[in-house]
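A.B. asks: The structure file upload-v6.cif (mmCIF, C-alpha atoms (C1' of nucleotides)) is provided below.
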```cif
data_upload
#
loop_
_atom_site.label_atom_id
_atom_site.label_comp_id
_atom_site.auth_asym_id
_atom_site.auth_seq_id
_atom_site.Cartn_x
_atom_site.Cartn_y
_atom_site.Cartn_z
CA MET A 1 34.10 -70.38 111.62
CA THR A 2 34.40 -73.88 112.99
CA ALA A 3 37.15 -76.29 112.08
CA ARG A 4 34.69 -78.34 110.10
CA GLN A 5 33.71 -75.34 108.03
CA HIS A 6 37.33 -74.63 107.36
CA ALA A 7 37.84 -78.22 106.30
CA SER A 8 34.78 -77.95 104.14
CA ARG A 9 36.16 -74.92 102.35
CA MET A 10 39.47 -76.65 101.78
CA ALA A 11 37.76 -79.70 100.36
CA ALA A 12 35.62 -77.56 98.10
CA GLU A 13 38.31 -75.16 96.91
CA CYS A 14 41.83 -76.45 97.38
CA ILE A 15 43.76 -76.58 94.13
CA GLY A 16 46.53 -78.59 95.73
CA VAL A 17 44.21 -81.42 96.62
CA ARG A 18 42.96 -81.55 93.05
CA ILE A 19 46.28 -81.46 91.31
CA ARG A 20 47.72 -84.04 93.67
CA LEU A 21 44.75 -86.28 93.09
CA LEU A 22 45.09 -86.01 89.33
CA ASN A 23 48.82 -86.57 89.62
CA ARG A 24 48.35 -89.83 91.52
CA ILE A 25 45.72 -91.09 89.11
CA VAL A 26 47.58 -90.19 85.94
CA THR A 27 51.04 -91.21 87.11
CA ASN A 28 49.58 -94.54 88.14
CA VAL A 29 48.39 -95.25 84.60
CA TYR A 30 51.82 -94.61 83.10
CA ASP A 31 53.55 -96.53 85.90
CA THR A 32 51.31 -99.53 85.33
CA ALA A 33 51.93 -99.47 81.59
CA LEU A 34 55.69 -99.21 82.04
CA ARG A 35 56.02 -101.80 84.78
CA PRO A 36 56.85 -104.67 82.38
CA LEU A 37 60.04 -102.77 81.56
CA GLY A 38 60.89 -102.06 85.19
CA LEU A 39 60.57 -98.40 84.34
CA LYS A 40 58.85 -95.63 86.27
CA THR A 41 57.18 -92.56 84.86
CA SER A 42 59.78 -90.21 86.24
CA GLN A 43 62.52 -92.33 84.71
CA LEU A 44 60.86 -92.28 81.32
CA ASN A 45 60.80 -88.51 81.56
CA VAL A 46 64.55 -88.49 82.05
CA LEU A 47 65.08 -90.97 79.21
CA ALA A 48 63.02 -88.78 76.93
CA ALA A 49 64.91 -85.65 77.92
CA ALA A 50 68.17 -87.37 77.12
CA ALA A 51 66.81 -88.77 73.86
CA TYR A 52 65.70 -85.30 72.88
CA LEU A 53 68.75 -83.37 74.00
CA GLY A 54 71.38 -85.92 73.04
CA VAL A 55 73.72 -84.70 75.74
CA ALA A 56 71.84 -83.37 78.71
CA ARG A 57 72.98 -81.36 81.69
CA PRO A 58 71.21 -82.15 84.97
CA ALA A 59 70.66 -78.47 85.68
CA GLU A 60 68.98 -77.95 82.34
CA VAL A 61 66.70 -80.95 82.71
CA ALA A 62 65.80 -79.96 86.25
CA GLU A 63 64.93 -76.49 85.08
CA ARG A 64 62.77 -77.73 82.22
CA LEU A 65 60.91 -80.12 84.49
CA GLN A 66 60.88 -77.71 87.45
CA MET A 67 62.30 -80.30 89.75
CA ASP A 68 64.96 -80.11 92.41
CA VAL A 69 68.45 -80.86 91.11
CA SER A 70 69.08 -83.15 94.06
CA THR A 71 66.06 -85.26 93.14
CA LEU A 72 67.23 -85.50 89.58
CA SER A 73 70.77 -86.26 90.69
CA ARG A 74 69.66 -89.39 92.47
CA ASN A 75 67.27 -90.45 89.75
CA ILE A 76 70.13 -90.23 87.29
CA ASP A 77 72.30 -92.23 89.68
CA ARG A 78 69.88 -95.12 89.75
CA MET A 79 69.59 -95.05 85.99
CA LYS A 80 73.35 -95.05 85.59
CA ASN A 81 73.56 -98.06 87.85
CA ARG A 82 71.14 -99.85 85.55
CA GLY A 83 73.28 -99.06 82.56
CA TRP A 84 70.74 -96.77 80.90
CA LEU A 85 72.73 -93.55 81.20
CA GLU A 86 76.40 -92.65 81.02
CA VAL A 87 78.36 -89.54 81.83
CA VAL A 88 79.88 -87.56 78.99
CA PRO A 89 83.20 -85.91 79.86
CA ASP A 90 83.16 -82.14 79.73
CA GLU A 91 85.80 -79.44 79.75
CA ASP A 92 84.08 -77.71 82.62
CA GLY A 93 84.82 -79.98 85.56
CA ARG A 94 81.66 -78.98 87.40
CA MET A 95 79.36 -80.46 84.83
CA GLN A 96 78.16 -84.03 84.70
CA PRO A 97 76.37 -84.12 81.38
CA PHE A 98 74.89 -87.47 80.50
CA GLN A 99 73.47 -89.31 77.53
CA LEU A 100 71.65 -92.55 76.79
CA THR A 101 73.72 -95.69 76.53
CA ARG A 102 72.92 -98.15 73.78
CA GLU A 103 70.81 -100.02 76.32
CA GLY A 104 69.13 -96.79 77.30
CA GLN A 105 68.23 -96.12 73.68
CA ALA A 106 66.85 -99.62 73.25
CA LEU A 107 64.82 -99.23 76.42
CA PHE A 108 63.41 -95.92 75.28
CA GLU A 109 62.31 -97.45 71.99
CA LYS A 110 60.65 -100.31 73.82
CA ALA A 111 58.97 -97.87 76.15
CA PHE A 112 57.52 -95.68 73.44
CA PRO A 113 54.59 -97.89 72.41
CA LEU A 114 53.78 -98.52 76.07
CA TRP A 115 53.74 -94.79 76.60
CA GLU A 116 51.38 -94.38 73.66
CA LYS A 117 49.01 -96.93 75.13
CA ALA A 118 49.08 -95.27 78.54
CA GLN A 119 48.55 -91.89 76.95
CA GLN A 120 45.43 -93.20 75.26
CA GLN A 121 44.17 -94.66 78.51
CA VAL A 122 44.68 -91.33 80.24
CA GLU A 123 42.85 -89.52 77.46
CA THR A 124 39.94 -91.88 77.84
CA LEU A 125 40.01 -91.49 81.59
CA LEU A 126 40.07 -87.71 81.59
CA GLY A 127 37.92 -87.27 78.53
CA ASP A 128 38.62 -84.83 75.71
CA ASP A 129 37.58 -81.87 77.79
CA GLY A 130 39.69 -82.93 80.72
CA VAL A 131 42.75 -83.29 78.51
CA THR A 132 42.15 -79.92 76.90
CA HIS A 133 41.76 -78.29 80.29
CA LEU A 134 44.91 -79.88 81.60
CA ARG A 135 46.99 -78.86 78.63
CA ALA A 136 45.66 -75.35 78.90
CA ALA A 137 46.53 -75.16 82.59
CA ALA A 138 50.05 -76.46 82.00
CA GLU A 139 51.00 -74.64 78.86
CA ASP A 140 52.37 -71.58 80.62
CA PHE A 141 54.77 -73.72 82.61
CA PHE A 142 55.92 -76.30 80.13
CA ARG A 143 57.88 -74.60 77.45
CA ILE A 144 60.08 -76.66 75.22
CA PRO A 145 62.74 -74.23 74.11
CA PRO A 146 64.41 -76.16 71.32
CA ARG A 147 68.14 -76.42 71.30
CA MET B 1 60.75 -92.63 63.44
CA THR B 2 63.95 -91.75 65.24
CA ALA B 3 64.32 -91.74 68.98
CA ARG B 4 64.53 -87.97 68.93
CA GLN B 5 61.22 -87.71 67.13
CA HIS B 6 59.66 -90.02 69.68
CA ALA B 7 61.07 -87.87 72.44
CA SER B 8 59.75 -84.82 70.68
CA ARG B 9 56.25 -86.26 70.54
CA MET B 10 56.37 -87.16 74.22
CA ALA B 11 57.50 -83.66 75.12
CA ALA B 12 54.79 -82.13 73.00
CA GLU B 13 51.94 -84.40 74.04
CA CYS B 14 52.54 -86.24 77.30
CA ILE B 15 49.86 -85.53 79.85
CA GLY B 16 51.87 -87.15 82.61
CA VAL B 17 54.74 -84.73 82.18
CA ARG B 18 52.33 -81.83 82.44
CA ILE B 19 50.41 -82.98 85.45
CA ARG B 20 53.59 -83.91 87.27
CA LEU B 21 55.04 -80.52 86.49
CA LEU B 22 51.98 -78.73 87.79
CA ASN B 23 51.95 -80.97 90.83
CA ARG B 24 55.52 -80.05 91.73
CA ILE B 25 54.93 -76.35 91.23
CA VAL B 26 51.66 -76.19 93.14
CA THR B 27 52.65 -78.52 95.97
CA ASN B 28 55.77 -76.45 96.45
CA VAL B 29 53.73 -73.30 97.06
CA TYR B 30 51.66 -74.95 99.79
CA ASP B 31 54.69 -76.65 101.30
CA THR B 32 56.53 -73.34 101.49
CA ALA B 33 53.56 -71.63 103.11
CA LEU B 34 53.13 -74.41 105.68
CA ARG B 35 56.80 -74.83 106.54
CA PRO B 36 56.66 -72.48 109.57
CA LEU B 37 54.32 -75.03 111.16
CA GLY B 38 56.48 -78.01 110.24
CA LEU B 39 53.57 -79.25 108.19
CA LYS B 40 53.55 -80.70 104.69
CA THR B 41 50.81 -80.43 102.12
CA SER B 42 49.93 -84.09 102.30
CA GLN B 43 49.67 -83.87 106.07
CA LEU B 44 47.36 -80.89 105.86
CA ASN B 45 45.16 -82.96 103.58
CA VAL B 46 44.90 -85.62 106.27
CA LEU B 47 44.25 -83.06 108.99
CA ALA B 48 41.47 -81.56 106.90
CA ALA B 49 39.94 -84.96 106.22
CA ALA B 50 39.88 -85.67 109.94
CA ALA B 51 38.53 -82.20 110.74
CA TYR B 52 35.78 -82.75 108.22
CA LEU B 53 34.92 -86.32 109.07
CA GLY B 54 35.37 -86.13 112.82
CA VAL B 55 36.24 -89.78 113.04
CA ALA B 56 37.96 -90.98 109.91
CA ARG B 57 38.74 -94.46 108.68
CA PRO B 58 42.02 -94.81 106.76
CA ALA B 59 40.32 -96.78 104.00
CA GLU B 60 37.75 -94.08 103.49
CA VAL B 61 40.30 -91.28 103.38
CA ALA B 62 42.49 -93.25 101.00
CA GLU B 63 39.55 -93.81 98.73
CA ARG B 64 38.53 -90.18 98.70
CA LEU B 65 42.07 -89.05 97.95
CA GLN B 66 42.78 -91.97 95.63
CA MET B 67 45.94 -92.85 97.46
CA ASP B 68 47.38 -96.17 98.51
CA VAL B 69 46.32 -97.27 101.97
CA SER B 70 49.88 -98.15 102.83
CA THR B 71 51.01 -94.62 102.04
CA LEU B 72 48.28 -93.20 104.21
CA SER B 73 49.02 -95.69 106.95
CA ARG B 74 52.53 -94.37 107.34
CA ASN B 75 51.54 -90.74 107.02
CA ILE B 76 49.07 -91.26 109.83
CA ASP B 77 51.79 -92.96 111.85
CA ARG B 78 54.06 -89.96 111.66
CA MET B 79 51.22 -87.66 112.58
CA LYS B 80 50.29 -89.82 115.56
CA ASN B 81 53.89 -89.67 116.73
CA ARG B 82 53.70 -85.89 116.64
CA GLY B 83 50.57 -85.96 118.74
CA TRP B 84 48.29 -84.58 116.04
CA LEU B 85 46.14 -87.68 115.62
CA GLU B 86 44.83 -90.37 117.94
CA VAL B 87 43.15 -93.70 117.38
CA VAL B 88 39.50 -94.07 118.29
CA PRO B 89 38.53 -97.53 119.57
CA ASP B 90 36.06 -99.38 117.40
CA GLU B 91 33.91 -102.45 117.86
CA ASP B 92 35.28 -103.94 114.66
CA GLY B 93 38.80 -104.92 115.61
CA ARG B 94 40.08 -104.52 112.06
CA MET B 95 39.47 -100.80 112.00
CA GLN B 96 41.85 -98.12 113.20
CA PRO B 97 39.69 -95.02 112.92
CA PHE B 98 41.42 -91.81 114.00
CA GLN B 99 40.57 -88.26 114.92
CA LEU B 100 42.35 -84.99 115.64
CA THR B 101 43.80 -84.52 119.07
CA ARG B 102 43.42 -81.15 120.75
CA GLU B 103 46.86 -80.30 119.40
CA GLY B 104 45.84 -81.48 115.97
CA GLN B 105 42.83 -79.19 116.05
CA ALA B 106 44.95 -76.24 117.16
CA LEU B 107 47.43 -76.97 114.39
CA PHE B 108 44.70 -77.14 111.80
CA GLU B 109 43.37 -73.77 112.89
CA LYS B 110 46.83 -72.26 112.69
CA ALA B 111 47.31 -73.81 109.27
CA PHE B 112 44.12 -72.49 107.78
CA PRO B 113 45.20 -68.88 107.17
CA LEU B 114 48.50 -70.13 105.73
CA TRP B 115 46.54 -72.35 103.39
CA GLU B 116 44.43 -69.38 102.33
CA LYS B 117 47.53 -67.40 101.51
CA ALA B 118 49.06 -70.26 99.53
CA GLN B 119 45.80 -70.78 97.71
CA GLN B 120 45.85 -67.13 96.63
CA GLN B 121 49.44 -67.44 95.47
CA VAL B 122 48.54 -70.47 93.41
CA GLU B 123 45.58 -68.69 91.89
CA THR B 124 47.83 -65.82 90.90
CA LEU B 125 50.41 -68.21 89.53
CA LEU B 126 47.99 -70.22 87.42
CA GLY B 127 45.73 -67.33 86.51
CA ASP B 128 41.95 -67.44 86.55
CA ASP B 129 41.82 -69.52 83.40
CA GLY B 130 44.37 -72.00 84.68
CA VAL B 131 42.44 -72.48 87.90
CA THR B 132 39.19 -72.93 86.05
CA HIS B 133 40.77 -75.48 83.73
CA LEU B 134 42.28 -77.40 86.60
CA ARG B 135 39.05 -77.56 88.55
CA ALA B 136 37.23 -78.70 85.46
CA ALA B 137 39.77 -81.46 84.83
CA ALA B 138 39.59 -82.67 88.42
CA GLU B 139 35.90 -82.43 89.09
CA ASP B 140 35.09 -85.89 87.84
CA PHE B 141 37.57 -87.42 90.25
CA PHE B 142 37.14 -85.38 93.38
CA ARG B 143 33.73 -85.94 94.75
CA ILE B 144 33.00 -84.97 98.30
CA PRO B 145 30.16 -87.26 99.27
CA PRO B 146 29.02 -85.70 102.52
CA ARG B 147 28.56 -87.94 105.50
"C1'" DA C 1 31.21 -124.83 114.81
"C1'" DC C 2 34.30 -124.60 110.90
"C1'" DG C 3 36.58 -123.56 106.88
"C1'" DA C 4 36.71 -120.43 102.92
"C1'" DT C 5 36.43 -115.75 101.75
"C1'" DA C 6 36.49 -110.91 102.29
"C1'" DT C 7 37.97 -106.65 104.55
"C1'" DA C 8 41.22 -103.38 107.15
"C1'" DG C 9 45.69 -102.23 108.19
"C1'" DT C 10 50.71 -103.01 108.49
"C1'" DT C 11 55.39 -104.11 106.88
"C1'" DG C 12 59.38 -105.02 103.52
"C1'" DC C 13 61.25 -103.07 99.74
"C1'" DA C 14 62.24 -99.68 96.30
"C1'" DT C 15 61.72 -95.21 94.23
"C1'" DA C 16 60.77 -90.23 94.36
"C1'" DT C 17 60.75 -85.64 96.33
"C1'" DG C 18 62.85 -81.42 98.30
"C1'" DC C 19 65.49 -78.50 101.84
"C1'" DA C 20 69.86 -77.48 103.82
"C1'" DA C 21 74.49 -77.96 103.80
"C1'" DG C 22 78.67 -79.31 101.70
"C1'" DG C 23 82.18 -79.95 98.14
"C1'" DA C 24 84.44 -78.91 93.65
"C1'" DA C 25 85.47 -76.22 89.77
"C1'" DT C 26 85.16 -71.81 87.32
"C1'" DG C 27 85.28 -66.91 86.54
"C1'" DG C 28 85.95 -62.33 87.89
"C1'" DC C 29 88.36 -58.51 90.36
"C1'" DC C 30 91.92 -56.33 92.52
"C1'" DG D 1 98.51 -64.75 91.84
"C1'" DG D 2 94.95 -64.80 95.39
"C1'" DC D 3 90.51 -64.09 97.24
"C1'" DC D 4 85.54 -64.14 96.56
"C1'" DA D 5 81.40 -65.05 94.49
"C1'" DT D 6 79.00 -68.05 91.35
"C1'" DT D 7 77.69 -72.21 89.28
"C1'" DC D 8 77.02 -77.19 89.26
"C1'" DC D 9 76.43 -81.20 91.51
"C1'" DT D 10 76.25 -84.41 95.59
"C1'" DT D 11 75.02 -85.88 100.42
"C1'" DG D 12 72.46 -86.00 104.90
"C1'" DC D 13 68.06 -86.05 106.41
"C1'" DA D 14 63.15 -86.52 106.37
"C1'" DT D 15 58.83 -87.30 104.10
"C1'" DA D 16 55.94 -89.37 100.50
"C1'" DT D 17 54.51 -92.87 97.25
"C1'" DG D 18 52.97 -97.51 95.82
"C1'" DC D 19 53.31 -102.75 95.02
"C1'" DA D 20 53.44 -107.21 97.10
"C1'" DA D 21 53.06 -109.91 100.84
"C1'" DC D 22 51.51 -110.44 105.35
"C1'" DT D 23 48.55 -110.37 109.88
"C1'" DA D 24 44.38 -109.84 112.18
"C1'" DT D 25 39.59 -109.70 112.30
"C1'" DA D 26 35.03 -110.40 110.66
"C1'" DT D 27 31.50 -112.64 107.73
"C1'" DC D 28 29.35 -116.05 105.04
"C1'" DG D 29 27.94 -120.71 103.69
"C1'" DT D 30 27.29 -125.14 105.03
#
```
Have the structure of the file written as structure tokens, please.
C.D. replies:
Amino acid sequence: MTARQHASRMAAECIGVRIRLLNRIVTNVYDTALRPLGLKTSQLNVLAAAAYLGVARPAEVAERLQMDVSTLSRNIDRMKNRGWLEVVPDEDGRMQPFQLTREGQALFEKAFPLWEKAQQQVETLLGDDGVTHLRAAAEDFFRIPPR
Amino acid sequence: MTARQHASRMAAECIGVRIRLLNRIVTNVYDTALRPLGLKTSQLNVLAAAAYLGVARPAEVAERLQMDVSTLSRNIDRMKNRGWLEVVPDEDGRMQPFQLTREGQALFEKAFPLWEKAQQQVETLLGDDGVTHLRAAAEDFFRIPPR
DNA sequence: ACGATATAGTTGCATATGCAAGGAATGGCC
DNA sequence: GGCCATTCCTTGCATATGCAACTATATCGT
């Protein structure tokens, strides 16, 4: 097998290439829609987690979103600095649970209709089948165990 | 509608959350497999593009992978510094076409079996249905117009 | 030949991502 | 009580990502 044939197989088969491509395309749509608020997709995810959980622990959010705690730690930092999040004191000194500030809540409410618009754009872009396929592929990994 | 209900809808419906989740999970598998070579998934993508194209123009690669040219520009930079890529002179002074160096070729060949292993792991992780769904969702966006 | 326009890449800035290593606090176990 | 392991988070480091603005080069119209 030549290198070019190997490359050809990777181009034809690689799942990573495909998911990364879709990720860039889709994330871009949400980012563009949210830009007027100075908000990024990943930040909206954190806002939503906090809005849903009320008081959220970084470790729990990281586990739900399957992201590294250190990544989340710094994302939260930036959002604290903007006044969107605040730490909630906890008996256990190791924890740094956080919640939305009043500004954070207001921002989330402003972001919601923009999210809806972006969501529609993505649905149009991927098509009904594409959306169905994507949901099906993700469903095993995105569980929303209610609290 | 309360904020929590909005958050609930986003959690239940958001395509961005799902694709980003899948992206993190899948990219992590490839990254882990490639780590012994000091290679990241995105870099392997560039290596493969160069192996496939022979001489690759940044703009073309960026277009195929739907990524920002500035992102690619810096990725290529790092890979040049490692001796994996080299610039090919071009008549048009604007262009900075590149190709694999001998080392880059050797690296790509060493990476291939690791990629195969990671690909299998991902297939196991997502299941046959998941893989099929993902391919179906991506197929409209990942065309491989041969050269 | 010249100026306007278009194209290809690069650079400044900011955010995001994850591994490895380092604290800090808690909870056993003896 | 004191040590050890565990849990939770943060920090150092490196890469990746994209927008906006910029430079350099080429092309087109006149």
A.B. asks: Taking all atoms listed in the file into account, what are the residues of chain B at most 12 Å from chain C, put as a count of residues only?
C.D. replies: 30
A.B. asks: Give the answer as one residue: which of A:Phe112, A:Ala136, A:Glu13, A:Arg78 has the shortest atom-to-atom distance to Met1 (chain B), using only C-alpha atoms?
C.D. replies: A:Phe112
A.B. asks: Tell me, in Å to one decimal, how far C1' of DT6 (chain D) is from CA of Asp140 (chain A).
C.D. replies: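 Computing it gives 28.9 Å between the two atoms.
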A.B. asks: Identify every residue of chain A that has at least one atom within 6 Å of any atom of chain B, counting all atoms listed in the file, and report the result as a list in words.
C.D. replies: Arg4, Ala7, Arg18, Ile19, Arg20, Asn23, Ala48, Ala51, Tyr52, Gly130, His133, Ala137 and Ala138 of chain A
A.B. asks: Expanded to explicit residues, what is the PyMOL selection byres ((chain D) within 8 of (chain A)) for this file, as a list in words?
C.D. replies: DC8, DC9 and DT10 of chain D
A.B. asks: Quick one: chain A onto chain B, least squares on all Cα paired in order, result as a tab-separated table (two decimals) with C-alpha atoms, in the frame of the given file?
C.D. replies:
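Written output follows (selection-v9.tsv):
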```tsv
chain	number	residue	atom	x	y	z
A	1	MET	CA	60.71	-92.64	63.47
A	2	THR	CA	63.91	-91.80	65.26
A	3	ALA	CA	64.31	-91.77	69.01
A	4	ARG	CA	64.51	-88.01	68.95
A	5	GLN	CA	61.20	-87.76	67.15
A	6	HIS	CA	59.66	-90.04	69.70
A	7	ALA	CA	61.05	-87.89	72.47
A	8	SER	CA	59.74	-84.86	70.69
A	9	ARG	CA	56.24	-86.28	70.57
A	10	MET	CA	56.37	-87.16	74.24
A	11	ALA	CA	57.51	-83.67	75.15
A	12	ALA	CA	54.79	-82.14	73.02
A	13	GLU	CA	51.93	-84.41	74.06
A	14	CYS	CA	52.54	-86.24	77.31
A	15	ILE	CA	49.85	-85.54	79.88
A	16	GLY	CA	51.89	-87.16	82.62
A	17	VAL	CA	54.73	-84.73	82.20
A	18	ARG	CA	52.31	-81.82	82.46
A	19	ILE	CA	50.40	-82.98	85.47
A	20	ARG	CA	53.59	-83.90	87.29
A	21	LEU	CA	55.06	-80.52	86.51
A	22	LEU	CA	51.99	-78.73	87.80
A	23	ASN	CA	51.96	-80.97	90.85
A	24	ARG	CA	55.54	-80.06	91.76
A	25	ILE	CA	54.94	-76.36	91.26
A	26	VAL	CA	51.67	-76.19	93.16
A	27	THR	CA	52.64	-78.52	95.98
A	28	ASN	CA	55.77	-76.45	96.46
A	29	VAL	CA	53.74	-73.31	97.09
A	30	TYR	CA	51.64	-74.95	99.79
A	31	ASP	CA	54.70	-76.65	101.31
A	32	THR	CA	56.53	-73.35	101.51
A	33	ALA	CA	53.56	-71.63	103.14
A	34	LEU	CA	53.13	-74.41	105.69
A	35	ARG	CA	56.79	-74.84	106.55
A	36	PRO	CA	56.66	-72.50	109.58
A	37	LEU	CA	54.32	-75.04	111.17
A	38	GLY	CA	56.48	-78.02	110.25
A	39	LEU	CA	53.57	-79.24	108.18
A	40	LYS	CA	53.55	-80.69	104.68
A	41	THR	CA	50.80	-80.43	102.11
A	42	SER	CA	49.94	-84.09	102.30
A	43	GLN	CA	49.68	-83.85	106.07
A	44	LEU	CA	47.35	-80.88	105.86
A	45	ASN	CA	45.15	-82.94	103.58
A	46	VAL	CA	44.91	-85.61	106.25
A	47	LEU	CA	44.24	-83.03	108.97
A	48	ALA	CA	41.47	-81.56	106.89
A	49	ALA	CA	39.92	-84.95	106.21
A	50	ALA	CA	39.88	-85.67	109.92
A	51	ALA	CA	38.52	-82.21	110.73
A	52	TYR	CA	35.76	-82.75	108.21
A	53	LEU	CA	34.89	-86.33	109.06
A	54	GLY	CA	35.36	-86.12	112.81
A	55	VAL	CA	36.25	-89.78	113.03
A	56	ALA	CA	37.95	-90.98	109.90
A	57	ARG	CA	38.75	-94.46	108.66
A	58	PRO	CA	42.01	-94.80	106.73
A	59	ALA	CA	40.31	-96.77	103.99
A	60	GLU	CA	37.72	-94.07	103.48
A	61	VAL	CA	40.27	-91.27	103.36
A	62	ALA	CA	42.47	-93.24	100.98
A	63	GLU	CA	39.52	-93.83	98.71
A	64	ARG	CA	38.50	-90.18	98.70
A	65	LEU	CA	42.03	-89.05	97.94
A	66	GLN	CA	42.75	-91.98	95.60
A	67	MET	CA	45.90	-92.85	97.42
A	68	ASP	CA	47.36	-96.16	98.48
A	69	VAL	CA	46.29	-97.24	101.96
A	70	SER	CA	49.87	-98.13	102.81
A	71	THR	CA	51.00	-94.59	102.02
A	72	LEU	CA	48.27	-93.17	104.18
A	73	SER	CA	49.02	-95.66	106.93
A	74	ARG	CA	52.53	-94.34	107.32
A	75	ASN	CA	51.53	-90.72	106.98
A	76	ILE	CA	49.07	-91.24	109.80
A	77	ASP	CA	51.79	-92.94	111.83
A	78	ARG	CA	54.07	-89.94	111.63
A	79	MET	CA	51.23	-87.65	112.56
A	80	LYS	CA	50.32	-89.80	115.53
A	81	ASN	CA	53.90	-89.66	116.70
A	82	ARG	CA	53.69	-85.88	116.62
A	83	GLY	CA	50.58	-85.94	118.74
A	84	TRP	CA	48.28	-84.57	116.03
A	85	LEU	CA	46.15	-87.68	115.60
A	86	GLU	CA	44.85	-90.37	117.92
A	87	VAL	CA	43.17	-93.69	117.37
A	88	VAL	CA	39.52	-94.06	118.29
A	89	PRO	CA	38.59	-97.52	119.58
A	90	ASP	CA	36.11	-99.38	117.43
A	91	GLU	CA	33.99	-102.47	117.88
A	92	ASP	CA	35.34	-103.93	114.67
A	93	GLY	CA	38.88	-104.90	115.60
A	94	ARG	CA	40.15	-104.47	112.05
A	95	MET	CA	39.52	-100.77	111.98
A	96	GLN	CA	41.88	-98.07	113.15
A	97	PRO	CA	39.71	-94.99	112.90
A	98	PHE	CA	41.41	-91.81	113.98
A	99	GLN	CA	40.56	-88.25	114.90
A	100	LEU	CA	42.35	-84.99	115.62
A	101	THR	CA	43.81	-84.52	119.06
A	102	ARG	CA	43.42	-81.16	120.74
A	103	GLU	CA	46.87	-80.30	119.40
A	104	GLY	CA	45.84	-81.48	115.97
A	105	GLN	CA	42.82	-79.18	116.06
A	106	ALA	CA	44.94	-76.24	117.16
A	107	LEU	CA	47.42	-76.97	114.39
A	108	PHE	CA	44.68	-77.15	111.79
A	109	GLU	CA	43.34	-73.77	112.88
A	110	LYS	CA	46.81	-72.28	112.68
A	111	ALA	CA	47.30	-73.82	109.27
A	112	PHE	CA	44.09	-72.49	107.79
A	113	PRO	CA	45.19	-68.89	107.16
A	114	LEU	CA	48.49	-70.14	105.75
A	115	TRP	CA	46.53	-72.36	103.41
A	116	GLU	CA	44.43	-69.39	102.33
A	117	LYS	CA	47.54	-67.41	101.53
A	118	ALA	CA	49.05	-70.27	99.55
A	119	GLN	CA	45.79	-70.78	97.72
A	120	GLN	CA	45.85	-67.15	96.65
A	121	GLN	CA	49.44	-67.45	95.50
A	122	VAL	CA	48.55	-70.50	93.43
A	123	GLU	CA	45.60	-68.69	91.89
A	124	THR	CA	47.85	-65.83	90.92
A	125	LEU	CA	50.43	-68.23	89.56
A	126	LEU	CA	48.02	-70.23	87.44
A	127	GLY	CA	45.78	-67.35	86.54
A	128	ASP	CA	41.99	-67.45	86.57
A	129	ASP	CA	41.85	-69.52	83.43
A	130	GLY	CA	44.40	-71.98	84.70
A	131	VAL	CA	42.46	-72.47	87.92
A	132	THR	CA	39.20	-72.92	86.05
A	133	HIS	CA	40.79	-75.46	83.74
A	134	LEU	CA	42.28	-77.38	86.62
A	135	ARG	CA	39.05	-77.53	88.55
A	136	ALA	CA	37.25	-78.67	85.45
A	137	ALA	CA	39.78	-81.43	84.83
A	138	ALA	CA	39.58	-82.65	88.42
A	139	GLU	CA	35.90	-82.40	89.10
A	140	ASP	CA	35.07	-85.87	87.83
A	141	PHE	CA	37.54	-87.41	90.23
A	142	PHE	CA	37.12	-85.38	93.37
A	143	ARG	CA	33.70	-85.98	94.73
A	144	ILE	CA	32.96	-85.02	98.28
A	145	PRO	CA	30.15	-87.34	99.25
A	146	PRO	CA	29.00	-85.80	102.51
A	147	ARG	CA	28.54	-88.01	105.48
```
A.B. asks: Nearest to Leu39 (chain B) among D:DT15, D:DT23, D:DT30, D:DT7, with distances taken over all atoms listed in the file: which residue is it?
C.D. replies: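 Closest residue, counting all atoms listed in the file: D:DT15.
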A.B. asks: Rebuild region 76-83 of chain A so that it carries N, CA and C atoms, then output the result as a compact mmCIF listing (two decimals), keeping the file's coordinate frame.
C.D. replies:
```txt
# COMPACT_ATOMS: atom_id res chain seq x y z
N ILE A 76 69.11 -89.94 88.30
CA ILE A 76 70.13 -90.23 87.29
C ILE A 76 71.07 -91.33 87.80
N ASP A 77 71.44 -91.21 89.05
CA ASP A 77 72.30 -92.23 89.68
C ASP A 77 71.74 -93.64 89.48
N ARG A 78 70.49 -93.80 89.86
CA ARG A 78 69.88 -95.12 89.75
C ARG A 78 69.88 -95.59 88.30
N MET A 79 69.65 -94.68 87.40
CA MET A 79 69.59 -95.05 85.99
C MET A 79 70.97 -95.35 85.42
N LYS A 80 71.97 -94.69 85.96
CA LYS A 80 73.35 -95.05 85.59
C LYS A 80 73.66 -96.46 86.05
N ASN A 81 73.28 -96.74 87.29
CA ASN A 81 73.56 -98.06 87.85
C ASN A 81 72.90 -99.18 87.05
N ARG A 82 71.81 -98.86 86.38
CA ARG A 82 71.14 -99.85 85.55
C ARG A 82 71.73 -99.93 84.15
N GLY A 83 72.65 -99.03 83.87
CA GLY A 83 73.28 -99.06 82.56
C GLY A 83 72.50 -98.33 81.49
```
